Structures are given as C-alpha cells and as structure tokens.
file model.csv (CSV, C-alpha atoms and all ligand atoms)
chain,number,residue,atom,x,y,z
A,1393,MET,CA,8.6,-3.1,-58.4
A,1394,ASN,CA,5.9,-5.8,-58.6
A,1395,VAL,CA,2.5,-4.7,-59.9
A,1396,PHE,CA,-0.6,-6.7,-60.7
A,1397,GLY,CA,-1.4,-6.4,-64.4
A,1398,LEU,CA,-5.1,-6.8,-65.4
A,1399,ASP,CA,-6.1,-7.3,-69.0
A,1400,VAL,CA,-9.8,-6.8,-69.7
A,1401,GLY,CA,-10.9,-8.5,-72.9
A,1402,GLY,CA,-14.1,-9.5,-74.7
A,1403,SER,CA,-13.9,-13.1,-73.6
A,1404,GLY,CA,-11.8,-13.1,-70.4
A,1405,ILE,CA,-10.5,-10.8,-67.7
A,1406,LYS,CA,-7.0,-12.0,-66.9
A,1407,GLY,CA,-4.3,-10.9,-64.5
A,1408,ALA,CA,-1.1,-11.8,-62.8
A,1409,PRO,CA,1.6,-10.1,-60.7
A,1410,VAL,CA,4.4,-8.7,-62.9
A,1411,ASP,CA,8.0,-7.8,-62.2
A,1412,THR,CA,8.0,-4.4,-63.9
A,1413,GLU,CA,11.8,-4.4,-64.4
A,1414,THR,CA,11.8,-7.6,-66.5
A,1415,GLY,CA,8.2,-7.9,-67.7
A,1416,MET,CA,8.1,-11.4,-66.3
A,1417,LEU,CA,4.8,-12.8,-64.9
A,1418,LEU,CA,5.5,-13.8,-61.3
A,1419,ALA,CA,2.6,-16.3,-60.9
A,1420,GLU,CA,0.2,-18.3,-63.0
A,1421,ARG,CA,-2.5,-16.0,-64.7
A,1422,VAL,CA,-5.9,-15.9,-63.1
A,1423,ARG,CA,-8.6,-15.8,-65.7
A,1424,ILE,CA,-12.4,-15.3,-65.3
A,1425,LYS,CA,-14.8,-15.2,-68.2
A,1426,THR,CA,-16.0,-11.7,-69.1
A,1427,PRO,CA,-19.6,-11.3,-67.7
A,1428,HIS,CA,-22.4,-10.8,-70.2
A,1429,PRO,CA,-23.8,-8.3,-70.5
A,1430,ALA,CA,-20.4,-6.7,-69.9
A,1431,THR,CA,-21.8,-3.7,-68.0
A,1432,PRO,CA,-19.2,-1.5,-66.2
A,1433,ALA,CA,-20.4,-2.7,-62.8
A,1434,ALA,CA,-20.1,-6.3,-63.8
A,1435,ILE,CA,-16.6,-5.8,-65.3
A,1436,VAL,CA,-15.5,-4.1,-62.1
A,1437,ARG,CA,-16.9,-6.9,-60.0
A,1438,THR,CA,-15.1,-9.5,-62.1
A,1439,ALA,CA,-11.8,-7.6,-62.2
A,1440,VAL,CA,-11.8,-7.3,-58.4
A,1441,LYS,CA,-12.4,-11.1,-58.2
A,1442,VAL,CA,-9.4,-11.7,-60.4
A,1443,VAL,CA,-7.2,-9.5,-58.2
A,1444,ARG,CA,-8.5,-11.0,-55.0
A,1445,GLY,CA,-8.4,-14.5,-56.4
A,1446,ALA,CA,-4.7,-14.1,-56.9
A,1447,GLY,CA,-4.4,-13.0,-53.3
A,1448,TRP,CA,-2.8,-9.7,-54.3
A,1449,ASP,CA,-2.9,-6.6,-52.2
A,1450,GLY,CA,-0.3,-4.4,-53.9
A,1451,PRO,CA,-0.6,-1.9,-56.8
A,1452,VAL,CA,-2.7,-2.6,-59.8
A,1453,GLY,CA,-2.6,-1.5,-63.5
A,1454,CYS,CA,-5.3,-2.3,-66.0
A,1455,GLY,CA,-5.6,-2.5,-69.8
A,1456,PHE,CA,-9.1,-1.8,-71.2
A,1457,PRO,CA,-10.3,-2.1,-74.9
A,1458,ALA,CA,-11.3,1.5,-75.4
A,1459,VAL,CA,-9.9,5.1,-75.3
A,1460,VAL,CA,-9.1,5.8,-71.6
A,1461,LYS,CA,-8.0,9.2,-70.3
A,1462,ASP,CA,-7.4,9.7,-66.6
A,1463,GLY,CA,-9.1,6.4,-65.8
A,1464,VAL,CA,-12.3,7.4,-67.7
A,1465,VAL,CA,-13.6,5.3,-70.6
A,1466,HIS,CA,-14.4,7.4,-73.7
A,1467,THR,CA,-15.3,4.9,-76.5
A,1468,ALA,CA,-17.1,1.6,-76.9
A,1469,ALA,CA,-16.4,0.0,-80.3
A,1470,ASN,CA,-16.4,-3.6,-79.0
A,1471,ILE,CA,-17.8,-3.2,-75.5
A,1472,ASP,CA,-21.1,-2.2,-73.9
A,1473,ASP,CA,-22.0,1.4,-74.7
A,1474,ALA,CA,-22.7,2.0,-71.0
A,1475,ALA,CA,-19.0,2.1,-70.5
A,1476,ILE,CA,-18.8,5.5,-72.2
A,1477,GLY,CA,-18.1,8.1,-69.5
A,1478,PHE,CA,-17.5,5.5,-66.8
A,1479,ASP,CA,-14.7,6.3,-64.4
A,1480,LEU,CA,-13.2,2.7,-64.4
A,1481,GLY,CA,-10.0,3.8,-62.6
A,1482,GLY,CA,-12.1,5.5,-59.8
A,1483,ALA,CA,-14.4,2.4,-59.5
A,1484,LEU,CA,-11.5,0.0,-59.2
A,1485,GLU,CA,-9.7,2.2,-56.8
A,1486,GLU,CA,-12.8,2.4,-54.6
A,1487,ARG,CA,-13.4,-1.4,-54.6
A,1488,LEU,CA,-9.7,-2.3,-54.1
A,1489,GLY,CA,-8.8,0.5,-51.8
A,1490,ARG,CA,-5.6,1.5,-53.6
A,1491,PRO,CA,-4.5,3.5,-56.6
A,1492,VAL,CA,-5.2,1.8,-60.0
A,1493,GLY,CA,-3.9,3.1,-63.3
A,1494,VAL,CA,-5.9,2.3,-66.4
A,1495,VAL,CA,-4.7,2.4,-70.1
A,1496,ASN,CA,-6.0,1.3,-73.5
A,1497,ASP,CA,-5.4,-2.4,-74.0
A,1498,ALA,CA,-3.3,-2.0,-77.2
A,1499,ASP,CA,-1.2,0.7,-75.5
A,1500,ALA,CA,-0.5,-1.7,-72.7
A,1501,ALA,CA,0.6,-4.4,-75.2
A,1502,GLY,CA,2.7,-1.9,-77.1
A,1503,LEU,CA,4.4,-0.7,-73.9
A,1504,ALA,CA,5.4,-4.2,-73.0
A,1505,GLU,CA,6.6,-5.0,-76.5
A,1506,VAL,CA,8.6,-1.8,-76.8
A,1507,ARG,CA,10.2,-2.3,-73.4
A,1508,TRP,CA,10.8,-6.0,-73.4
A,1509,GLY,CA,10.0,-7.5,-76.8
A,1510,GLU,CA,10.3,-6.9,-80.5
A,1511,GLY,CA,10.1,-3.1,-80.3
A,1512,ARG,CA,13.0,-2.9,-78.0
A,1513,ASN,CA,16.0,-0.7,-79.0
A,1514,ARG,CA,14.1,0.6,-82.0
A,1515,ASP,CA,14.1,4.3,-82.4
A,1516,GLY,CA,12.0,6.3,-84.9
A,1517,VAL,CA,8.3,5.6,-85.4
A,1518,VAL,CA,7.1,2.2,-84.2
A,1519,LEU,CA,3.5,1.1,-84.7
A,1520,MET,CA,2.1,-1.9,-82.9
A,1521,LEU,CA,-1.1,-3.6,-84.1
A,1522,THR,CA,-3.1,-5.9,-81.9
A,1523,LEU,CA,-5.2,-8.1,-84.1
A,1524,GLY,CA,-8.0,-9.7,-82.2
A,1525,THR,CA,-11.7,-8.9,-81.7
A,1526,GLY,CA,-10.9,-5.5,-83.0
A,1527,ILE,CA,-7.7,-3.9,-84.3
A,1528,GLY,CA,-5.9,-2.1,-81.5
A,1529,THR,CA,-3.0,0.3,-82.3
A,1530,SER,CA,-0.2,1.8,-80.2
A,1531,LEU,CA,2.2,4.3,-81.6
A,1532,PHE,CA,5.7,5.1,-80.3
A,1533,VAL,CA,7.8,8.0,-81.5
A,1534,GLY,CA,11.4,7.9,-80.3
A,1535,GLY,CA,10.4,5.5,-77.6
A,1536,ARG,CA,7.5,7.5,-76.3
A,1537,LEU,CA,3.9,6.4,-76.5
A,1538,VAL,CA,1.3,8.6,-78.2
A,1539,PRO,CA,-1.6,7.3,-76.2
A,1540,ASN,CA,-5.0,6.3,-77.4
A,1541,THR,CA,-4.4,6.1,-81.2
A,1542,GLU,CA,-7.5,4.4,-82.7
A,1543,LEU,CA,-6.1,3.5,-86.1
A,1544,GLY,CA,-8.1,0.3,-86.3
A,1545,HIS,CA,-11.0,2.5,-87.2
A,1546,ILE,CA,-9.7,4.2,-90.4
A,1547,GLU,CA,-12.1,3.7,-93.2
A,1548,ILE,CA,-11.3,1.3,-96.1
A,1549,GLY,CA,-13.8,0.9,-98.9
A,1550,GLY,CA,-16.4,2.8,-96.8
A,1551,ARG,CA,-16.1,0.4,-93.9
A,1552,ASP,CA,-14.4,0.5,-90.5
A,1553,ALA,CA,-11.0,-1.3,-91.1
A,1554,GLU,CA,-11.4,-3.5,-88.0
A,1555,HIS,CA,-14.6,-5.0,-89.4
A,1556,ARG,CA,-12.6,-6.2,-92.4
A,1557,ALA,CA,-9.2,-7.0,-91.1
A,1558,SER,CA,-9.4,-8.1,-87.5
A,1559,ASP,CA,-9.1,-11.8,-86.5
A,1560,THR,CA,-12.8,-11.8,-85.7
A,1561,ALA,CA,-13.5,-10.7,-89.3
A,1562,ARG,CA,-11.4,-13.6,-90.6
A,1563,LYS,CA,-13.4,-16.1,-88.5
A,1564,ARG,CA,-16.8,-14.5,-89.0
A,1565,GLU,CA,-16.4,-14.5,-92.8
A,1566,ASP,CA,-14.6,-17.8,-92.8
A,1567,LEU,CA,-11.7,-16.3,-94.9
A,1568,SER,CA,-8.9,-18.5,-96.1
A,1569,TRP,CA,-5.5,-17.3,-94.8
A,1570,LYS,CA,-4.7,-16.0,-98.3
A,1571,GLN,CA,-7.9,-14.0,-98.4
A,1572,TYR,CA,-7.3,-12.7,-94.9
A,1573,ALA,CA,-3.7,-11.8,-95.7
A,1574,HIS,CA,-5.0,-9.7,-98.6
A,1575,ARG,CA,-7.3,-7.8,-96.3
A,1576,LEU,CA,-4.6,-7.2,-93.8
A,1577,ASP,CA,-2.2,-6.1,-96.6
A,1578,GLU,CA,-4.7,-3.6,-97.8
A,1579,TYR,CA,-5.0,-2.2,-94.3
A,1580,LEU,CA,-1.3,-2.1,-93.7
A,1581,ARG,CA,-0.6,-0.4,-97.0
A,1582,LYS,CA,-3.2,2.3,-96.1
A,1583,ILE,CA,-1.6,2.8,-92.7
A,1584,GLU,CA,1.9,3.0,-94.0
A,1585,ASP,CA,0.8,5.6,-96.6
A,1586,LEU,CA,-0.7,7.7,-93.8
A,1587,LEU,CA,1.9,7.3,-91.1
A,1588,TRP,CA,5.2,6.1,-92.7
A,1589,PRO,CA,6.3,4.1,-89.6
A,1590,ASP,CA,9.8,2.6,-89.5
A,1591,VAL,CA,8.5,-0.7,-88.3
A,1592,ILE,CA,5.1,-2.4,-87.7
A,1593,VAL,CA,4.9,-4.9,-84.9
A,1594,VAL,CA,2.0,-7.4,-85.3
A,1595,GLY,CA,0.6,-8.8,-82.1
A,1596,GLY,CA,-2.5,-10.3,-80.7
A,1597,GLY,CA,-3.5,-14.0,-80.8
A,1598,ILE,CA,-3.2,-14.2,-84.5
A,1599,SER,CA,0.6,-13.6,-84.4
A,1600,LYS,CA,1.0,-17.3,-83.5
A,1601,LYS,CA,-0.1,-18.0,-87.1
A,1602,ALA,CA,2.2,-15.5,-88.7
A,1603,ASP,CA,3.6,-18.0,-91.2
A,1604,LYS,CA,0.1,-18.2,-92.8
A,1605,PHE,CA,-0.2,-14.5,-93.6
A,1606,LEU,CA,3.3,-12.9,-93.6
A,1607,PRO,CA,4.4,-14.4,-97.0
A,1608,HIS,CA,1.5,-12.7,-98.7
A,1609,LEU,CA,2.1,-9.2,-97.4
A,1610,THR,CA,3.5,-6.6,-99.8
A,1611,THR,CA,4.2,-3.6,-97.5
A,1612,ARG,CA,7.3,-1.5,-97.9
A,1613,THR,CA,7.6,-1.2,-94.1
A,1614,GLU,CA,9.4,-3.8,-92.1
A,1615,ILE,CA,6.9,-6.1,-90.4
A,1616,VAL,CA,7.9,-8.0,-87.3
A,1617,ILE,CA,5.9,-10.4,-85.1
A,1618,ALA,CA,5.4,-9.5,-81.5
A,1619,LYS,CA,7.5,-11.6,-79.1
A,1620,MET,CA,5.5,-11.5,-76.0
A,1621,LEU,CA,2.3,-12.9,-77.5
A,1622,ASN,CA,-0.4,-13.5,-74.8
A,1623,GLU,CA,1.5,-11.9,-72.0
A,1624,ALA,CA,2.0,-8.5,-73.4
A,1625,GLY,CA,-1.4,-7.3,-72.3
A,1626,ILE,CA,-0.9,-8.2,-68.7
A,1627,ALA,CA,2.8,-7.2,-68.5
A,1628,GLY,CA,2.1,-3.8,-70.1
A,1629,ALA,CA,-1.0,-3.2,-68.0
A,1630,ALA,CA,1.2,-3.5,-64.9
A,1631,LEU,CA,3.3,-0.6,-66.1
A,1632,ALA,CA,0.1,1.6,-65.9
A,1633,GLY,CA,0.0,0.8,-62.2
A,1634,ILE,CA,3.3,2.7,-61.6
A,1635,PRO,CA,2.5,6.4,-61.3
A,1636,ASP,CA,4.1,8.4,-64.2
A,1637,ARG,CA,5.7,5.3,-65.6
A,1638,ALA,CA,3.4,4.3,-68.6
A,1639,THR,CA,4.1,7.5,-70.4
A,1640,GLU,CA,7.8,7.9,-69.8
A,1641,LYS,CA,10.3,7.3,-72.6
A,1642,VAL,CA,10.8,3.5,-72.9
A,1643,ALA,CA,13.7,3.4,-75.4
A,1644,GLU,CA,17.0,5.2,-75.3
B,1,LIG,C1,-11.0,-0.2,-79.8
B,1,LIG,C2,-9.6,0.1,-79.2
B,1,LIG,C3,-9.0,-1.2,-78.7
B,1,LIG,C4,-9.0,-2.3,-79.8
B,1,LIG,C5,-8.5,-3.6,-79.3
B,1,LIG,C6,-10.9,-1.3,-80.8
B,1,LIG,O1,-12.2,-1.6,-81.3
B,1,LIG,O2,-11.6,0.9,-80.3
B,1,LIG,O3,-9.6,1.0,-78.2
B,1,LIG,O4,-7.6,-1.0,-78.4
B,1,LIG,O5,-10.4,-2.5,-80.2
B,1,LIG,O6,-9.1,-4.1,-78.3
call {"tool": "encode", "arguments": {"input": "model.csv", "output": "structure tokens"}}
result
Amino acid sequence: MNVFGLDVGGSGIKGAPVDTETGMLLAERVRIKTPHPATPAAIVRTAVKVVRGAGWDGPVGCGFPAVVKDGVVHTAANIDDAAIGFDLGGALEERLGRPVGVVNDADAAGLAEVRWGEGRNRDGVVLMLTLGTGIGTSLFVGGRLVPNTELGHIEIGGRDAEHRASDTARKREDLSWKQYAHRLDEYLRKIEDLLWPDVIVVGGGISKKADKFLPHLTTRTEIVIAKMLNEAGIAGAALAGIPDRATEKVAE
C-alpha cells in the first residue's frame, strides 16, 4: 500500500509517498520551511501544501514532535505551546478530506528503523534515540512499540537531558565532539541503568557523524547507528496512515 508520509520538524515540513511494504520513498521529498510562529493553524496549512504540492490524493500519515494520542497533541517541549490540546489529526483530515493518522515523530522514525533498518530482526528491548533539536525516544519490546515514551526529558544534574545532550545543545554550546560525546555518554549510561535495553539505535541528523562520538562512548549496551537516516521520519510516518498498522508487532 502506498501512503504519503509527512514529517513535521522544527525547521521543515517534509513529505513523500512511501511504499509501506518496503519503506522506499516513491518520489522526491517535498519540503516547505516550518512557518514562524509555528501555530497549529500555520502548521496545518503548510502540511496541506506539502501534500497537495506532491499531487497526492491517497492516505496520509504524519509524525509530529510531541506526545500524540488519537490525533491530539499533548505536549510542547520544542514547539508552540498553542499546540497542546490541538486535534492535529482531525484538522488535517478536515482539510485533506480523508483519514490521517498522526504519531510522535520519534515513534515514526523508530517504526521505520525496526521494520526496515538497523532494528530489524532484533527481539528483546530496543530503544531508538533521535538526536536533533530535542531527544526523541521510541521503545520496542518484542517488536511492539510502546508509544509516546519521552525519555529525552529525564533529568541529569537537575536539567532536562535534551537540553544537555541533543544536537542543538552541541551547536548552541559550541561543544567539541569529545565534549559532546561525554554528554551523550552520561545520558546513555543513565538510560541504560533505568531501562536495560538490549540495543540502542542512534538516529537523527547527527548519526551521519557517528565516527566522531561513537569511539568515546563507554556504555555496556550495544549501540548501533540508524540505517535510514533522513528518510526514517517520512517512511515511519506513512505507517501511521494505515489504520491499526503503526501499533502492530513489527518483528517476528
Ligand atoms: C519531544 C518529543 C519529540 C522529540 C524529538 C522532544 O522535545 O518532547 O515528543 O519526539 O523532542 O522531536
């Protein structure tokens, strides 16, 4: 089944049609800058432009950087507070005139990675981290997603972990790779003490620079770098556009 995957991010709203059997993008991505202020209405308008700009009139799934339950946004760590309580799924459905499934952006990336990428064929407890503006997490137990984990917000040294160890923190504080690796290591060690995952998949834009930080990590858990890089967000979002699909067991 082909579904349009929409990935709403802090800097861009991106989308492409996806073959949900293979995870392949079927056309060039359409990307429009995220509007500022990123009010819910402005996001909906831009997301609709991305779908229409691609000439798509089939089903749509969307990844959004917040806790999302039944299409409704519940948190706003890195987005406009006005999004809290907003029925994003309902608004997109109304404007597009068809059903739209919405999931957390990190869950979307994790679904893609577990189905088609590095997390494939791994049983047990798989944790995927998306290191970008924030720290997104998606947790899989025996191949099944535990939706909306927000483990980027655990406290380390009295501060929200994502403010210390996200890629944005690295840039904002102009950290060397070694300094950043130390921050990430501190975060990963805390997470592994709390959760004892079998493997941690590191994704997000920063995964392209893995050689800069991987050698400095001292975790006991196996760390692997996400395979799908930029495309995981869109490919996984498409899965949310298939009713009952996003939450089904992905690994056998
Ligand atoms: C949000 C998560 C999101 C992550 C990555 C965090 O600040 O709380 O819901 O998945 O950023 O975008």
call {"tool": "residues_around", "arguments": {"input": "model.csv", "residues": "segment 1520-1529 of chain A", "least_positions_apart": "5", "cutoff": "7 Å", "atoms": "only C-alpha atoms", "output": "list of chain:residue names"}}
result
A:Ala1498, A:Gly1502, A:Thr1541, A:Glu1542, A:Leu1543, A:Gly1544, A:Glu1554, A:Ser1558, A:Asp1559, A:Thr1560, A:Ile1592, A:Val1593, A:Val1594, A:Gly1595, A:Gly1596, A:Gly1597, A:Ile1598
call {"tool": "residues_around", "arguments": {"input": "model.csv", "residues": "Phe1456 of chain A", "least_positions_apart": "2", "cutoff": "6 Å", "atoms": "all atoms listed in the file", "output": "MDAnalysis selection string"}}
result
chainID A and resid 1400 1458 1496:1497
call {"tool": "closest_residue", "arguments": {"input": "model.csv", "among": "A:Thr1431, A:Ser1599, A:Ser1403, A:Thr1438", "to": "ligand LIG 1 (chain B)", "atoms": "all atoms listed in the file"}}
result
A:Ser1403
call {"tool": "atom_distance", "arguments": {"input": "model.csv", "atom1": "atom CA of Asp1411 of chain A", "atom2": "atom CA of Leu1398 of chain A"}}
result
13.5 Å
call {"tool": "closest_residue", "arguments": {"input": "model.csv", "among": "A:Asn1470, A:Ser1568, A:Asn1622, A:Thr1610", "to": "ligand LIG 1 (chain B)", "atoms": "only C-alpha atoms and all ligand atoms"}}
result
A:Asn1470
call {"tool": "residues_around", "arguments": {"input": "model.csv", "residues": "Gly1401 of chain A", "least_positions_apart": "2", "cutoff": "8 Å", "atoms": "all atoms listed in the file", "output": "list in words"}}
result
Asp1399, Ser1403, Gly1404, Ile1405, Lys1406, Thr1426, Phe1456 and Pro1457 of chain A
call {"tool": "write_last_selection", "arguments": {"input": "model.csv", "atoms": "C-alpha atoms", "output": "mmCIF file, in the coordinates of the input"}}
result
data_model
loop_
_atom_site.group_PDB
_atom_site.id
_atom_site.type_symbol
_atom_site.label_atom_id
_atom_site.label_comp_id
_atom_site.auth_asym_id
_atom_site.auth_seq_id
_atom_site.Cartn_x
_atom_site.Cartn_y
_atom_site.Cartn_z
ATOM 1 C CA ASP A 1399 -6.100 -7.300 -69.000
ATOM 2 C CA SER A 1403 -13.900 -13.100 -73.600
ATOM 3 C CA GLY A 1404 -11.800 -13.100 -70.400
ATOM 4 C CA ILE A 1405 -10.500 -10.800 -67.700
ATOM 5 C CA LYS A 1406 -7.000 -12.000 -66.900
ATOM 6 C CA THR A 1426 -16.000 -11.700 -69.100
ATOM 7 C CA PHE A 1456 -9.100 -1.800 -71.200
ATOM 8 C CA PRO A 1457 -10.300 -2.100 -74.900
#
call {"tool": "atom_distance", "arguments": {"input": "model.csv", "atom1": "atom CA of Phe1478 of chain A", "atom2": "atom CA of Ala1629 of chain A"}}
result
18.7 Å
call {"tool": "closest_residue", "arguments": {"input": "model.csv", "among": "A:Arg1512, A:His1545, A:Lys1425, A:Arg1536", "to": "ligand LIG 1 (chain B)", "atoms": "only C-alpha atoms and all ligand atoms"}}
result
A:His1545
call {"tool": "residues_near_point", "arguments": {"input": "model.csv", "point": "(3.8, -13.4, -83.7)", "cutoff": "7 Å", "atoms": "all atoms listed in the file", "output": "MDAnalysis selection string"}}
result
chainID A and resid 1594:1595 1599:1602 1617:1619 1621
call {"tool": "residues_around", "arguments": {"input": "model.csv", "residues": "Pro1429 of chain A", "least_positions_apart": "5", "cutoff": "12 Å", "atoms": "all atoms listed in the file", "output": "PyMOL selection string"}}
result
chain A and resi 1402-1403+1434-1435+1471-1475
call {"tool": "write_last_selection", "arguments": {"input": "model.csv", "atoms": "C-alpha atoms", "output": "PDB file, in the frame of the given file"}}
result
ATOM      1  CA  GLY A1402     -14.100  -9.500 -74.700  1.00  0.00           C
ATOM      2  CA  SER A1403     -13.900 -13.100 -73.600  1.00  0.00           C
ATOM      3  CA  ALA A1434     -20.100  -6.300 -63.800  1.00  0.00           C
ATOM      4  CA  ILE A1435     -16.600  -5.800 -65.300  1.00  0.00           C
ATOM      5  CA  ILE A1471     -17.800  -3.200 -75.500  1.00  0.00           C
ATOM      6  CA  ASP A1472     -21.100  -2.200 -73.900  1.00  0.00           C
ATOM      7  CA  ASP A1473     -22.000   1.400 -74.700  1.00  0.00           C
ATOM      8  CA  ALA A1474     -22.700   2.000 -71.000  1.00  0.00           C
ATOM      9  CA  ALA A1475     -19.000   2.100 -70.500  1.00  0.00           C
TER      10      ALA A1475
END
call {"tool": "residues_around", "arguments": {"input": "model.csv", "residues": "segment 1577-1579 of chain A", "least_positions_apart": "3", "cutoff": "8 Å", "atoms": "only C-alpha atoms", "output": "list of chain:residue names"}}
result
A:Ile1548, A:Ala1553, A:Ala1557, A:Ala1573, A:His1574, A:Lys1582, A:Ile1583, A:His1608, A:Leu1609, A:Thr1610, A:Thr1611
call {"tool": "closest_residue", "arguments": {"input": "model.csv", "among": "A:Gly1477, A:Gly1407, A:Gly1455, A:Gly1450", "to": "ligand LIG 1 (chain B)", "atoms": "only C-alpha atoms and all ligand atoms"}}
result
A:Gly1455
call {"tool": "atom_distance", "arguments": {"input": "model.csv", "atom1": "atom CA of Leu1418 of chain A", "atom2": "atom CA of Val1436 of chain A"}}
result
23.1 Å
call {"tool": "residues_near_point", "arguments": {"input": "model.csv", "point": "(-4.4, -13.1, -53.9)", "cutoff": "12 Å", "atoms": "only C-alpha atoms", "output": "MDAnalysis selection string"}}
result
chainID A and resid 1396 1407:1409 1419:1422 1440:1450
call {"tool": "write_last_selection", "arguments": {"input": "model.csv", "atoms": "C-alpha atoms", "output": "PDB file, in the coordinates of the input"}}
result
ATOM      1  CA  PHE A1396      -0.600  -6.700 -60.700  1.00  0.00           C
ATOM      2  CA  GLY A1407      -4.300 -10.900 -64.500  1.00  0.00           C
ATOM      3  CA  ALA A1408      -1.100 -11.800 -62.800  1.00  0.00           C
ATOM      4  CA  PRO A1409       1.600 -10.100 -60.700  1.00  0.00           C
ATOM      5  CA  ALA A1419       2.600 -16.300 -60.900  1.00  0.00           C
ATOM      6  CA  GLU A1420       0.200 -18.300 -63.000  1.00  0.00           C
ATOM      7  CA  ARG A1421      -2.500 -16.000 -64.700  1.00  0.00           C
ATOM      8  CA  VAL A1422      -5.900 -15.900 -63.100  1.00  0.00           C
ATOM      9  CA  VAL A1440     -11.800  -7.300 -58.400  1.00  0.00           C
ATOM     10  CA  LYS A1441     -12.400 -11.100 -58.200  1.00  0.00           C
ATOM     11  CA  VAL A1442      -9.400 -11.700 -60.400  1.00  0.00           C
ATOM     12  CA  VAL A1443      -7.200  -9.500 -58.200  1.00  0.00           C
ATOM     13  CA  ARG A1444      -8.500 -11.000 -55.000  1.00  0.00           C
ATOM     14  CA  GLY A1445      -8.400 -14.500 -56.400  1.00  0.00           C
ATOM     15  CA  ALA A1446      -4.700 -14.100 -56.900  1.00  0.00           C
ATOM     16  CA  GLY A1447      -4.400 -13.000 -53.300  1.00  0.00           C
ATOM     17  CA  TRP A1448      -2.800  -9.700 -54.300  1.00  0.00           C
ATOM     18  CA  ASP A1449      -2.900  -6.600 -52.200  1.00  0.00           C
ATOM     19  CA  GLY A1450      -0.300  -4.400 -53.900  1.00  0.00           C
TER      20      GLY A1450
END
call {"tool": "closest_residue", "arguments": {"input": "model.csv", "among": "A:Arg1507, A:Arg1437, A:Arg1487, A:His1555", "to": "ligand LIG 1 (chain B)", "atoms": "all atoms listed in the file"}}
result
A:His1555
call {"tool": "closest_residue", "arguments": {"input": "model.csv", "among": "A:Met1416, A:Leu1531, A:Ala1433, A:Ala1627", "to": "ligand LIG 1 (chain B)", "atoms": "all atoms listed in the file"}}
result
A:Leu1531
call {"tool": "build_atoms", "arguments": {"input": "model.csv", "residues": "segment 1433-1448 of chain A", "atoms": "N, CA and C atoms", "output": "PDB file, in the coordinates of the input"}}
result
ATOM      1  N   ALA A1433     -20.352  -2.150 -64.192  1.00  0.00           N
ATOM      2  CA  ALA A1433     -20.400  -2.700 -62.800  1.00  0.00           C
ATOM      3  C   ALA A1433     -19.964  -4.145 -62.795  1.00  0.00           C
ATOM      4  N   ALA A1434     -20.431  -4.917 -63.797  1.00  0.00           N
ATOM      5  CA  ALA A1434     -20.100  -6.300 -63.800  1.00  0.00           C
ATOM      6  C   ALA A1434     -18.604  -6.528 -64.124  1.00  0.00           C
ATOM      7  N   ILE A1435     -18.049  -5.675 -64.968  1.00  0.00           N
ATOM      8  CA  ILE A1435     -16.600  -5.800 -65.300  1.00  0.00           C
ATOM      9  C   ILE A1435     -15.792  -5.465 -64.015  1.00  0.00           C
ATOM     10  N   VAL A1436     -16.196  -4.430 -63.299  1.00  0.00           N
ATOM     11  CA  VAL A1436     -15.500  -4.100 -62.100  1.00  0.00           C
ATOM     12  C   VAL A1436     -15.523  -5.236 -61.080  1.00  0.00           C
ATOM     13  N   ARG A1437     -16.726  -5.806 -60.904  1.00  0.00           N
ATOM     14  CA  ARG A1437     -16.900  -6.900 -60.000  1.00  0.00           C
ATOM     15  C   ARG A1437     -15.929  -8.083 -60.334  1.00  0.00           C
ATOM     16  N   THR A1438     -15.895  -8.403 -61.638  1.00  0.00           N
ATOM     17  CA  THR A1438     -15.100  -9.500 -62.100  1.00  0.00           C
ATOM     18  C   THR A1438     -13.581  -9.214 -61.959  1.00  0.00           C
ATOM     19  N   ALA A1439     -13.223  -7.988 -62.318  1.00  0.00           N
ATOM     20  CA  ALA A1439     -11.800  -7.600 -62.200  1.00  0.00           C
ATOM     21  C   ALA A1439     -11.335  -7.676 -60.767  1.00  0.00           C
ATOM     22  N   VAL A1440     -12.191  -7.248 -59.857  1.00  0.00           N
ATOM     23  CA  VAL A1440     -11.800  -7.300 -58.400  1.00  0.00           C
ATOM     24  C   VAL A1440     -11.667  -8.753 -57.992  1.00  0.00           C
ATOM     25  N   LYS A1441     -12.529  -9.647 -58.514  1.00  0.00           N
ATOM     26  CA  LYS A1441     -12.400 -11.100 -58.200  1.00  0.00           C
ATOM     27  C   LYS A1441     -11.073 -11.634 -58.668  1.00  0.00           C
ATOM     28  N   VAL A1442     -10.637 -11.193 -59.864  1.00  0.00           N
ATOM     29  CA  VAL A1442      -9.400 -11.700 -60.400  1.00  0.00           C
ATOM     30  C   VAL A1442      -8.216 -11.266 -59.474  1.00  0.00           C
ATOM     31  N   VAL A1443      -8.233 -10.002 -59.058  1.00  0.00           N
ATOM     32  CA  VAL A1443      -7.200  -9.500 -58.200  1.00  0.00           C
ATOM     33  C   VAL A1443      -7.179 -10.242 -56.847  1.00  0.00           C
ATOM     34  N   ARG A1444      -8.383 -10.350 -56.270  1.00  0.00           N
ATOM     35  CA  ARG A1444      -8.500 -11.000 -55.000  1.00  0.00           C
ATOM     36  C   ARG A1444      -8.189 -12.502 -55.078  1.00  0.00           C
ATOM     37  N   GLY A1445      -8.643 -13.105 -56.205  1.00  0.00           N
ATOM     38  CA  GLY A1445      -8.400 -14.500 -56.400  1.00  0.00           C
ATOM     39  C   GLY A1445      -6.930 -14.860 -56.460  1.00  0.00           C
ATOM     40  N   ALA A1446      -6.136 -13.872 -56.865  1.00  0.00           N
ATOM     41  CA  ALA A1446      -4.700 -14.100 -56.900  1.00  0.00           C
ATOM     42  C   ALA A1446      -4.047 -13.796 -55.563  1.00  0.00           C
ATOM     43  N   GLY A1447      -4.865 -13.347 -54.613  1.00  0.00           N
ATOM     44  CA  GLY A1447      -4.400 -13.000 -53.300  1.00  0.00           C
ATOM     45  C   GLY A1447      -3.447 -11.816 -53.274  1.00  0.00           C
ATOM     46  N   TRP A1448      -3.727 -10.867 -54.174  1.00  0.00           N
ATOM     47  CA  TRP A1448      -2.800  -9.700 -54.300  1.00  0.00           C
ATOM     48  C   TRP A1448      -3.315  -8.498 -53.583  1.00  0.00           C
TER      49      TRP A1448
END
